[in-house]
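J.: Questions regarding the structure given below will be posed in turn.
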Amino acid sequence: MCGIAGYIGEQNAKDIVINNLKKLEYRGYDSTGIAVLDQDISVIRAKGKLVELEKKLEDESAPGHVGIGHTRWATHGKPSDENAHPHRAEHVVVVHNGIIENYLEIKHNLINNGAQFSSETDTEIIPLLIEYNMQRNGLDFEQAVLSSIAQLKGSFAFAAMSTTEPEKILVAKNASPLIVGIGNNEMFLASDIPALLEYTQDVVILEDHQMAILEKDQLTLKDFNNTELDYQVKKITWSRIAAEKDGHKHFMYKEILEQPRAIADSMRSRISKQAAKVSLSELDGMDTDKFNKIVFCACGTSYHSGLLAKQWFERYLRIPCDVELASEFRYNDPIIDDKTLWVGISQSGETADTLAALHEAKDKAATCLAICNNMDSSIARAADYVLYTQAGPEIGVASTKAFSTQLSVLAMLCVHMLQAKSKDKVSELVHAILHLPEAVQQCIDLNLKLAPLAQKYMQYSSFLFLGRGDAYAIALEGALKLKEISYIHAEAYAAGEMKHGPIALIDQNMPVMAILGEGIHQEKTLSNIEEVKSRDAKVLIVCTEQQVQDLKLDQNYDCLLIPQCHNFIRPILENIPLQLFAYHVADQKGLDVDQPRNLAKAVTVE
C-alpha cells in the first residue's frame with residue numbers, strides 16, 4: 001500500500017528521493033519520511049502529506065548520495081511523526097510496505113534483549129531485528145538482513161541502509177511490489193514504475209522471496225537462501241509525460257479525458273474490422289470449450305467490471321458465471337475445478353486479496369486468467385494467462401480509465417470465446433466494440449460542462465443510484481466514485497429493489513441518479529423514477545439525447561447524456577457522465593480529488 005523510494009549514486013539523494021515520493025504519494029499520504037546516509041544517517045519524518053516533510057527539510061541539509069524514503073498508508077499505528085517511516089536502530093534504518101503478522105512475538109523477544117521501541121508500528125521490529133543480528137550474533141549487514149527475513153511472517157517489501165556498509169541499499173520483497181531502476185553509475189528504487197521514468201526506462205522487477213543489493217555501479221539479486229540469481233532488465237515504453245498532469249488540475253480529470261485513447265490502445269491488434277473478429281493471441285493454447293463455469297474475482301471498481309462481465313458472458317456464451325469479492329473468496333471454500341475459468345481483475349496487478357484468491361484458484365486446478373494494467377505485476381506473473389489493458393499509468397486513486405479498459409478487454413474476451421462456439425452475433429458485437437473510442441469521446445464532449453449541475457447537488461449528504469440489468473454494475477460504480485472522492489454517502493440498488501426497503505429513505509433530501517437503459521429496462525426504470533418523484537426526490541437521469549426528446553425528460557429532470565449506441569457497449573458509456581459528475585462535485589467542494597482520505601491506489605495488504 002505504502003510507497004517506497006530509494007537512490008544510490010553520485011547525485012544528491014534527498015532531492016531524487018523526494019521527487020520520486022511525489023509520484024508515489026497516491027499509494028498513501030498519512031505521513032512521510034526520508035533517510036539520507038552520509039557519515040551518519042539523517043532521518044526526517046512528518047505526519048501528513050509530502051508538503052509537510054518538505055517544510056521540515058527546508059531547515060535540514062541532509063547531505064549524502066544514498067537515501068531511502070517512504071509515503072505511508074497506515075496499518076499498524078495511527079498517523080503521526082513517531083509512526084512515520086523510516087524507522088531506525090543504532091546503525092540501521094528501514095522503510096517498509098506490508099504487514100508483519102508475527103511482529104508482537106518478535107517485539108517481545110527484542111524487548112527482553114534490551115531493545116527500545118519508539119513507535120506503534122510493526123515496521124520498527126525490522127531495523128531493531130537487523131541490528132540485533134549484527135550486534136549480538138556478529139553478522140554483517142547482508143547476513144543480518146537475510147537472518148531477519150527468515151524470522152518474518154507476512155507480506156513485506158522493505159529497503160534498508162546501514163552505517164556499517166554505507167555504499168549499499170538492501171531491499172527484500174515478499175508479496176509487495178518493488179522495482180529497481182538502473183541508471184548510469186546510479187540505481188533507483190520505487191514501489192511503482194511511474195516514479196522511475198524521469199530517470200530511467202531500464203528496470204528490474206523483483207519477484208517474491210528475492211533480495212537485491214544496490215550499489216551505484218552494480219545490482220546483485222539473491223533469493224532468501226542467499227543463492228545469487230540471474231535477472232532480466234526490462235525496457236519500459238511508457239512516456240514520462242503520460243504519468244504527469246499535462247496541464248490539468250487533477251490526474252483524475254486528465255485520466256477521464258484519456259479514456260478514448262486508452263480504450264483504442266487496449267483494442268489495438270486485438271480486433272479486426274475487416275475480418276469482424278477478435279484475436280487474443282495471449283490466449284493461444286487455452287481450450288475455451290472445456291469451461292463449464294467462469295468465476296470473476298476482484299475488489300472495488302474491478303469487482304464492478306466483473307459484475308458487468310457476468311451479464312455479457314451469460315447472455316452471449318450461456319456459461320454460468322459467478323462474481324466473487326476477492327477478499328472473501330478464499331475463506332468460502334469456493335466450488336471450482338479444472339473446468340473452471342477463474343478471471344482475476346486488478347488495475348495494479350498487486351492487489352493482495354486478488355493475488356491470494358488466485359493462488360486458491362490454482363490450488364483447486366482452475367485455469368487462471370489475469371486482466372491487469374501493470375506489466376509483470378505479481379498477479380500477471382502468477383496467472384496461467386494474462387490480458388493487459390493498455391490504460392497507461394493511472395495516478396488518481398479513484399479508478400477511471402482502468403475501469404473502462406477493463407470492460408473493453410472483457411468485452412473482447414467475451415467475443416473471443418463466442419467465436420469458438422458460434423458466429424451468431426459476432427460481427428455485430430465486433431463492430432460495437434470498434435465504435436467504443438469514438439462513442440466515449442462523444443460522451444465526454446456531451447458532459448464536459450457538468451460543473452453547474454455538480455454545484456446544484458454538492459450540498460446533499462446522501463445519494464441513491466439506480467440501474468437495471470447491465471446498468472446495475474454501473475450504478476454501483478457511480479455510487480462508489482461519488483463516495484470515494486466527495487465523501488457524500490451514496491448507495492446503489494438494482495432499480496426493482498428500491499421498493500423493497502430503500503424507498504423508505506426517499507424524500508426531498510435524497511437525490512436519485514437513475515440510469516435509464518433501453519427497451520424493457522427503460523419502461524421499468526421510468527416507473528421507478530415516478531415512484532421516486534412522487535416522494536419529492538430530486539432526480540437525475542443518465543440517458544441518450546433521443547430519449548430526452550422522445551420522453552420529454554428535460555422538462556422534469558436533470559439529464560446526463562450519452563450518445564446513441566449498441567446495447568452491448570452502452571453501460572461503458574453510461575459510466576462516463578457518472579465519473580465526471582463525481583469529479584465536479586468533489587472539485588466544487590474543494591476536496592483533494594486525486595488523494596481522497598483513507599484510500600490508496602493499490603491495496604497490497606490484506
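Residue numbering restarts at 1 in every chain; chains get A, B, ... in the order shown in the C-alpha cells, and ligands count up from 1 in that same order.
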Write out as a JSON list (two decimals) with N, CA, C and O atoms, in the first residue's frame each polymer residue whose atoms come within 12 Å of Leu580 (chain A), counting only C-alpha atoms; drop sequence neighbours fewer than 2 positions from it.
T.:
[["chain", "number", "residue", "atom", "x", "y", "z"],
["A", 252, "MET", "N", -7.11, 12.80, -12.00],
["A", 252, "MET", "CA", -8.37, 12.12, -12.29],
["A", 252, "MET", "C", -9.05, 12.70, -13.52],
["A", 252, "MET", "O", -9.54, 11.96, -14.38],
["A", 253, "TYR", "N", -9.09, 14.02, -13.63],
["A", 253, "TYR", "CA", -9.73, 14.65, -14.78],
["A", 253, "TYR", "C", -8.97, 14.31, -16.05],
["A", 253, "TYR", "O", -9.58, 13.96, -17.08],
["A", 254, "LYS", "N", -7.64, 14.38, -16.00],
["A", 254, "LYS", "CA", -6.81, 14.01, -17.16],
["A", 254, "LYS", "C", -7.09, 12.57, -17.58],
["A", 254, "LYS", "O", -7.22, 12.26, -18.77],
["A", 255, "GLU", "N", -7.21, 11.70, -16.60],
["A", 255, "GLU", "CA", -7.39, 10.28, -16.91],
["A", 255, "GLU", "C", -8.79, 9.98, -17.44],
["A", 255, "GLU", "O", -8.96, 9.07, -18.27],
["A", 256, "ILE", "N", -9.79, 10.74, -17.02],
["A", 256, "ILE", "CA", -11.12, 10.62, -17.63],
["A", 256, "ILE", "C", -11.05, 10.98, -19.11],
["A", 256, "ILE", "O", -11.60, 10.28, -19.97],
["A", 257, "LEU", "N", -10.35, 12.08, -19.41],
["A", 257, "LEU", "CA", -10.23, 12.52, -20.80],
["A", 257, "LEU", "C", -9.40, 11.57, -21.65],
["A", 257, "LEU", "O", -9.55, 11.55, -22.88],
["A", 398, "ALA", "N", -8.96, 7.24, -7.39],
["A", 398, "ALA", "CA", -10.25, 6.76, -7.88],
["A", 398, "ALA", "C", -10.10, 6.31, -9.34],
["A", 398, "ALA", "O", -9.78, 7.10, -10.21],
["A", 400, "THR", "N", -10.59, 5.33, -13.11],
["A", 400, "THR", "CA", -11.45, 5.78, -14.22],
["A", 400, "THR", "C", -11.09, 5.04, -15.50],
["A", 400, "THR", "O", -11.80, 4.14, -15.93],
["A", 443, "CYS", "N", -19.25, 10.98, -25.62],
["A", 443, "CYS", "CA", -19.82, 11.02, -24.27],
["A", 443, "CYS", "C", -19.11, 12.07, -23.40],
["A", 443, "CYS", "O", -19.75, 12.83, -22.67],
["A", 444, "ILE", "N", -17.79, 12.11, -23.49],
["A", 444, "ILE", "CA", -17.03, 13.12, -22.76],
["A", 444, "ILE", "C", -17.43, 14.52, -23.22],
["A", 444, "ILE", "O", -17.67, 15.42, -22.40],
["A", 445, "ASP", "N", -17.52, 14.70, -24.53],
["A", 445, "ASP", "CA", -17.88, 16.02, -25.08],
["A", 445, "ASP", "C", -19.27, 16.47, -24.60],
["A", 445, "ASP", "O", -19.49, 17.66, -24.34],
["A", 446, "LEU", "N", -20.18, 15.52, -24.47],
["A", 446, "LEU", "CA", -21.55, 15.85, -24.04],
["A", 446, "LEU", "C", -21.60, 16.26, -22.57],
["A", 446, "LEU", "O", -22.56, 16.91, -22.14],
["A", 447, "ASN", "N", -20.59, 15.87, -21.79],
["A", 447, "ASN", "CA", -20.67, 16.04, -20.35],
["A", 447, "ASN", "C", -19.53, 16.88, -19.77],
["A", 447, "ASN", "O", -19.31, 16.88, -18.55],
["A", 448, "LEU", "N", -18.83, 17.62, -20.61],
["A", 448, "LEU", "CA", -17.71, 18.41, -20.12],
["A", 448, "LEU", "C", -18.15, 19.55, -19.20],
["A", 448, "LEU", "O", -17.37, 20.01, -18.36],
["A", 449, "LYS", "N", -19.39, 20.01, -19.35],
["A", 449, "LYS", "CA", -19.84, 21.19, -18.59],
["A", 449, "LYS", "C", -20.82, 20.79, -17.47],
["A", 449, "LYS", "O", -21.91, 21.35, -17.34],
["A", 450, "LEU", "N", -20.39, 19.85, -16.66],
["A", 450, "LEU", "CA", -21.24, 19.38, -15.57],
["A", 450, "LEU", "C", -21.02, 20.16, -14.28],
["A", 450, "LEU", "O", -21.69, 19.88, -13.28],
["A", 451, "ALA", "N", -20.09, 21.10, -14.26],
["A", 451, "ALA", "CA", -19.80, 21.83, -13.02],
["A", 451, "ALA", "C", -21.03, 22.51, -12.43],
["A", 451, "ALA", "O", -21.26, 22.43, -11.21],
["A", 452, "PRO", "N", -21.87, 23.20, -13.23],
["A", 452, "PRO", "CA", -23.07, 23.82, -12.64],
["A", 452, "PRO", "C", -24.01, 22.80, -12.01],
["A", 452, "PRO", "O", -24.60, 23.05, -10.96],
["A", 453, "LEU", "N", -24.16, 21.63, -12.67],
["A", 453, "LEU", "CA", -25.02, 20.59, -12.11],
["A", 453, "LEU", "C", -24.43, 20.07, -10.81],
["A", 453, "LEU", "O", -25.15, 19.82, -9.83],
["A", 454, "ALA", "N", -23.11, 19.90, -10.78],
["A", 454, "ALA", "CA", -22.44, 19.44, -9.57],
["A", 454, "ALA", "C", -22.64, 20.44, -8.44],
["A", 454, "ALA", "O", -22.87, 20.05, -7.28],
["A", 478, "GLY", "N", -20.86, 4.16, -10.08],
["A", 478, "GLY", "CA", -21.14, 5.59, -9.94],
["A", 478, "GLY", "C", -21.25, 6.00, -8.48],
["A", 478, "GLY", "O", -20.73, 7.05, -8.07],
["A", 481, "LYS", "N", -17.72, 6.02, -6.94],
["A", 481, "LYS", "CA", -16.94, 7.20, -7.31],
["A", 481, "LYS", "C", -17.36, 8.42, -6.48],
["A", 481, "LYS", "O", -16.51, 9.18, -6.02],
["A", 482, "LEU", "N", -18.66, 8.61, -6.32],
["A", 482, "LEU", "CA", -19.13, 9.78, -5.59],
["A", 482, "LEU", "C", -18.68, 9.73, -4.13],
["A", 482, "LEU", "O", -18.20, 10.72, -3.58],
["A", 485, "ILE", "N", -14.57, 10.21, -3.57],
["A", 485, "ILE", "CA", -13.85, 11.48, -3.71],
["A", 485, "ILE", "C", -14.60, 12.69, -3.17],
["A", 485, "ILE", "O", -13.98, 13.73, -2.91],
["A", 560, "LEU", "N", -28.03, 13.59, -17.77],
["A", 560, "LEU", "CA", -26.63, 13.40, -18.13],
["A", 560, "LEU", "C", -26.63, 12.52, -19.38],
["A", 560, "LEU", "O", -27.16, 11.40, -19.37],
["A", 561, "LEU", "N", -26.04, 13.01, -20.46],
["A", 561, "LEU", "CA", -26.29, 12.44, -21.78],
["A", 561, "LEU", "C", -25.20, 11.47, -22.24],
["A", 561, "LEU", "O", -24.01, 11.66, -21.95],
["A", 573, "LEU", "N", -20.49, 3.49, -21.72],
["A", 573, "LEU", "CA", -20.76, 4.92, -21.94],
["A", 573, "LEU", "C", -21.50, 5.54, -20.76],
["A", 573, "LEU", "O", -21.24, 6.69, -20.39],
["A", 574, "GLU", "N", -22.42, 4.79, -20.16],
["A", 574, "GLU", "CA", -23.19, 5.32, -19.04],
["A", 574, "GLU", "C", -22.28, 5.68, -17.86],
["A", 574, "GLU", "O", -22.62, 6.55, -17.05],
["A", 575, "ASN", "N", -21.16, 5.02, -17.77],
["A", 575, "ASN", "CA", -20.23, 5.29, -16.67],
["A", 575, "ASN", "C", -19.55, 6.65, -16.79],
["A", 575, "ASN", "O", -19.19, 7.26, -15.78],
["A", 576, "ILE", "N", -19.36, 7.14, -18.03],
["A", 576, "ILE", "CA", -18.56, 8.36, -18.24],
["A", 576, "ILE", "C", -19.17, 9.58, -17.55],
["A", 576, "ILE", "O", -18.47, 10.29, -16.81],
["A", 577, "PRO", "N", -20.47, 9.89, -17.75],
["A", 577, "PRO", "CA", -21.02, 11.07, -17.05],
["A", 577, "PRO", "C", -21.01, 10.92, -15.54],
["A", 577, "PRO", "O", -20.90, 11.91, -14.82],
["A", 578, "LEU", "N", -21.10, 9.69, -15.04],
["A", 578, "LEU", "CA", -21.05, 9.49, -13.59],
["A", 578, "LEU", "C", -19.66, 9.81, -13.05],
["A", 578, "LEU", "O", -19.53, 10.37, -11.95],
["A", 582, "ALA", "N", -19.09, 12.96, -10.41],
["A", 582, "ALA", "CA", -18.39, 12.78, -9.13],
["A", 582, "ALA", "C", -17.18, 13.70, -9.05],
["A", 582, "ALA", "O", -16.93, 14.33, -8.01],
["A", 583, "TYR", "N", -16.44, 13.78, -10.17],
["A", 583, "TYR", "CA", -15.26, 14.65, -10.18],
["A", 583, "TYR", "C", -15.63, 16.10, -9.88],
["A", 583, "TYR", "O", -15.02, 16.76, -9.03],
["A", 584, "HIS", "N", -16.65, 16.61, -10.57],
["A", 584, "HIS", "CA", -17.00, 18.02, -10.41],
["A", 584, "HIS", "C", -17.59, 18.31, -9.03],
["A", 584, "HIS", "O", -17.36, 19.39, -8.46],
["A", 585, "VAL", "N", -18.33, 17.36, -8.47],
["A", 585, "VAL", "CA", -18.85, 17.56, -7.11],
["A", 585, "VAL", "C", -17.67, 17.70, -6.13],
["A", 585, "VAL", "O", -17.64, 18.62, -5.31],
["A", 586, "ALA", "N", -16.71, 16.79, -6.22],
["A", 586, "ALA", "CA", -15.56, 16.86, -5.31],
["A", 586, "ALA", "C", -14.75, 18.13, -5.54],
["A", 586, "ALA", "O", -14.30, 18.77, -4.58],
["A", 587, "ASP", "N", -14.57, 18.49, -6.80],
["A", 587, "ASP", "CA", -13.80, 19.70, -7.10],
["A", 587, "ASP", "C", -14.53, 20.95, -6.59],
["A", 587, "ASP", "O", -13.90, 21.86, -6.03],
["A", 588, "GLN", "N", -15.84, 21.01, -6.78],
["A", 588, "GLN", "CA", -16.62, 22.15, -6.29],
["A", 588, "GLN", "C", -16.54, 22.25, -4.77],
["A", 588, "GLN", "O", -16.58, 23.35, -4.21],
["A", 593, "VAL", "N", -9.06, 15.69, -4.92],
["A", 593, "VAL", "CA", -9.65, 14.69, -5.81],
["A", 593, "VAL", "C", -8.73, 13.50, -6.02],
["A", 593, "VAL", "O", -9.17, 12.35, -6.01]]
J.: Taking the DSSP secondary structure from the backbone, can you list the residues of region 183-216 of chain A that are strand (DSSP E or B), as a PyMOL selection string?
T.: chain A and resi 187-190+202-205+210-215
J.: Could you please take those selected residues and save N, CA, C and O atoms as a PDB file, in the first residue's frame?
T.:
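Writing done, so here's part38.pdb:
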ATOM      1  N   MET A 187      21.619   3.805  -9.133  1.00  0.00           N
ATOM      2  CA  MET A 187      20.480   2.908  -9.039  1.00  0.00           C
ATOM      3  C   MET A 187      19.327   3.630  -8.351  1.00  0.00           C
ATOM      4  O   MET A 187      19.536   4.432  -7.431  1.00  0.00           O
ATOM      5  N   PHE A 188      18.117   3.286  -8.781  1.00  0.00           N
ATOM      6  CA  PHE A 188      16.908   3.877  -8.232  1.00  0.00           C
ATOM      7  C   PHE A 188      16.007   2.755  -7.717  1.00  0.00           C
ATOM      8  O   PHE A 188      16.085   1.612  -8.187  1.00  0.00           O
ATOM      9  N   LEU A 189      15.143   3.111  -6.787  1.00  0.00           N
ATOM     10  CA  LEU A 189      14.230   2.131  -6.205  1.00  0.00           C
ATOM     11  C   LEU A 189      12.860   2.768  -6.059  1.00  0.00           C
ATOM     12  O   LEU A 189      12.743   3.933  -5.660  1.00  0.00           O
ATOM     13  N   ALA A 190      11.807   2.005  -6.367  1.00  0.00           N
ATOM     14  CA  ALA A 190      10.445   2.533  -6.213  1.00  0.00           C
ATOM     15  C   ALA A 190       9.451   1.394  -6.110  1.00  0.00           C
ATOM     16  O   ALA A 190       9.719   0.265  -6.539  1.00  0.00           O
ATOM     17  N   ASP A 202      15.026   1.553 -17.815  1.00  0.00           N
ATOM     18  CA  ASP A 202      15.551   0.203 -17.628  1.00  0.00           C
ATOM     19  C   ASP A 202      15.280  -0.243 -16.199  1.00  0.00           C
ATOM     20  O   ASP A 202      15.790   0.358 -15.242  1.00  0.00           O
ATOM     21  N   VAL A 203      14.492  -1.280 -16.051  1.00  0.00           N
ATOM     22  CA  VAL A 203      14.076  -1.698 -14.714  1.00  0.00           C
ATOM     23  C   VAL A 203      14.245  -3.200 -14.527  1.00  0.00           C
ATOM     24  O   VAL A 203      14.234  -3.975 -15.484  1.00  0.00           O
ATOM     25  N   VAL A 204      14.376  -3.582 -13.260  1.00  0.00           N
ATOM     26  CA  VAL A 204      14.329  -4.982 -12.843  1.00  0.00           C
ATOM     27  C   VAL A 204      13.197  -5.099 -11.837  1.00  0.00           C
ATOM     28  O   VAL A 204      13.179  -4.390 -10.819  1.00  0.00           O
ATOM     29  N   ILE A 205      12.233  -5.948 -12.128  1.00  0.00           N
ATOM     30  CA  ILE A 205      11.060  -6.121 -11.268  1.00  0.00           C
ATOM     31  C   ILE A 205      11.309  -7.317 -10.357  1.00  0.00           C
ATOM     32  O   ILE A 205      11.468  -8.441 -10.827  1.00  0.00           O
ATOM     33  N   GLN A 210      12.851 -12.522  -3.007  1.00  0.00           N
ATOM     34  CA  GLN A 210      14.121 -12.060  -3.568  1.00  0.00           C
ATOM     35  C   GLN A 210      14.648 -10.870  -2.786  1.00  0.00           C
ATOM     36  O   GLN A 210      13.877 -10.028  -2.305  1.00  0.00           O
ATOM     37  N   MET A 211      15.978 -10.817  -2.665  1.00  0.00           N
ATOM     38  CA  MET A 211      16.669  -9.689  -2.058  1.00  0.00           C
ATOM     39  C   MET A 211      17.589  -9.087  -3.101  1.00  0.00           C
ATOM     40  O   MET A 211      18.254  -9.812  -3.847  1.00  0.00           O
ATOM     41  N   ALA A 212      17.623  -7.755  -3.176  1.00  0.00           N
ATOM     42  CA  ALA A 212      18.511  -7.070  -4.104  1.00  0.00           C
ATOM     43  C   ALA A 212      19.501  -6.227  -3.313  1.00  0.00           C
ATOM     44  O   ALA A 212      19.144  -5.596  -2.308  1.00  0.00           O
ATOM     45  N   ILE A 213      20.733  -6.234  -3.783  1.00  0.00           N
ATOM     46  CA  ILE A 213      21.787  -5.417  -3.192  1.00  0.00           C
ATOM     47  C   ILE A 213      22.126  -4.342  -4.210  1.00  0.00           C
ATOM     48  O   ILE A 213      22.647  -4.632  -5.296  1.00  0.00           O
ATOM     49  N   LEU A 214      21.800  -3.087  -3.867  1.00  0.00           N
ATOM     50  CA  LEU A 214      22.017  -1.967  -4.780  1.00  0.00           C
ATOM     51  C   LEU A 214      23.310  -1.247  -4.410  1.00  0.00           C
ATOM     52  O   LEU A 214      23.466  -0.771  -3.279  1.00  0.00           O
ATOM     53  N   GLU A 215      24.227  -1.211  -5.336  1.00  0.00           N
ATOM     54  CA  GLU A 215      25.397  -0.354  -5.271  1.00  0.00           C
ATOM     55  C   GLU A 215      25.336   0.554  -6.489  1.00  0.00           C
ATOM     56  O   GLU A 215      24.649   0.251  -7.459  1.00  0.00           O
TER      57      GLU A 215
END
J.: Measure the distance from CA of Leu553 (chain A) to CA of Ser534 (chain A) in Å and round it to one decimal.
T.: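 Separation of CA of Leu553 (chain A) and CA of Ser534 (chain A): 15.5 Å.
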J.: Report, in Å with one decimal, the straight-line distance from CA of Tyr103 (chain A) to CA of Phe156 (chain A).
T.: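 CA of Phe156 (chain A) lies 12.0 Å from CA of Tyr103 (chain A).
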J.: Go through A:Ser119, A:Thr340, A:Ser80, A:Asn97 and flag the residue nearest Ala366 (chain A), using only C-alpha atoms for the distances.
T.: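 Looking only at the distances to Ala366 (chain A), the closest residue turns out to be A:Thr340.
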J.: Could you name the residues that touch region 320-329 of chain A at 7 Å or less, counting only C-alpha atoms, but leaving out those on the same chain fewer than 2 positions away, as a list in words?
T.: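 Counting only C-alpha atoms, the residues come to Lys293, Ile294, Val295, Phe296, Cys297, Ala298, Cys299, Tyr303, Gly306, Leu307, Lys310, Glu314, Arg318, Tyr331, Asn332, Pro334, Asp353, Thr354 and Ala357 of chain A.
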J.: Which of these residues is nearest to Lys589 (chain A), using only C-alpha atoms: A:Trp342, A:Asp470, A:Gln459, A:Val539?
T.: A:Gln459
J.: For region 393-395 of chain A, please output as JSON, numbers by chain all residues within 10 Å (counting only C-alpha atoms; exclusion window: fewer than 2 positions along the same chain).
T.: {"A": [23, 24, 25, 26, 27, 192, 193, 194, 238, 239, 240, 242, 243, 244, 245, 250, 251, 252, 254, 255, 347, 348, 373, 374, 390, 391, 397, 398, 399, 400, 401, 402, 594, 595, 601]}
J.: Given the selection you just returned, output its residues as a file containing C-alpha atoms, formatted as an mmCIF file, in the first residue's frame.
T.:
data_model
loop_
_atom_site.group_PDB
_atom_site.id
_atom_site.type_symbol
_atom_site.label_atom_id
_atom_site.label_comp_id
_atom_site.auth_asym_id
_atom_site.auth_seq_id
_atom_site.Cartn_x
_atom_site.Cartn_y
_atom_site.Cartn_z
ATOM 1 C CA LYS A 23 4.996 10.333 -7.851
ATOM 2 C CA LEU A 24 4.205 7.650 -5.254
ATOM 3 C CA GLU A 25 2.055 9.692 -2.889
ATOM 4 C CA TYR A 26 -1.106 8.174 -4.362
ATOM 5 C CA ARG A 27 -0.091 4.948 -2.570
ATOM 6 C CA ASP A 192 5.831 1.606 -8.918
ATOM 7 C CA ILE A 193 7.211 2.319 -12.368
ATOM 8 C CA PRO A 194 5.997 5.941 -12.875
ATOM 9 C CA TRP A 238 5.605 4.497 -21.171
ATOM 10 C CA SER A 239 6.403 8.148 -21.747
ATOM 11 C CA ARG A 240 7.153 10.245 -18.690
ATOM 12 C CA ALA A 242 1.884 10.055 -19.609
ATOM 13 C CA ALA A 243 2.432 9.903 -15.849
ATOM 14 C CA GLU A 244 2.108 13.669 -15.311
ATOM 15 C CA LYS A 245 -0.887 16.005 -15.240
ATOM 16 C CA HIS A 250 -6.104 16.860 -11.328
ATOM 17 C CA PHE A 251 -4.839 13.499 -12.536
ATOM 18 C CA MET A 252 -8.367 12.116 -12.291
ATOM 19 C CA LYS A 254 -6.814 14.013 -17.157
ATOM 20 C CA GLU A 255 -7.394 10.279 -16.908
ATOM 21 C CA GLN A 347 -5.585 -2.473 -12.172
ATOM 22 C CA SER A 348 -2.296 -2.696 -10.312
ATOM 23 C CA ASN A 373 -2.727 -2.856 -16.309
ATOM 24 C CA ASN A 374 0.774 -3.254 -14.868
ATOM 25 C CA GLN A 390 -3.301 -0.521 -22.090
ATOM 26 C CA ALA A 391 -4.502 2.309 -19.877
ATOM 27 C CA VAL A 397 -6.657 6.978 -6.605
ATOM 28 C CA ALA A 398 -10.252 6.758 -7.884
ATOM 29 C CA SER A 399 -10.080 4.478 -10.904
ATOM 30 C CA THR A 400 -11.445 5.781 -14.220
ATOM 31 C CA LYS A 401 -9.605 4.753 -17.380
ATOM 32 C CA ALA A 402 -8.586 1.469 -15.751
ATOM 33 C CA ASP A 594 -6.509 12.675 -6.534
ATOM 34 C CA GLN A 595 -5.803 11.665 -2.936
ATOM 35 C CA LYS A 601 -4.208 3.296 -5.177
#
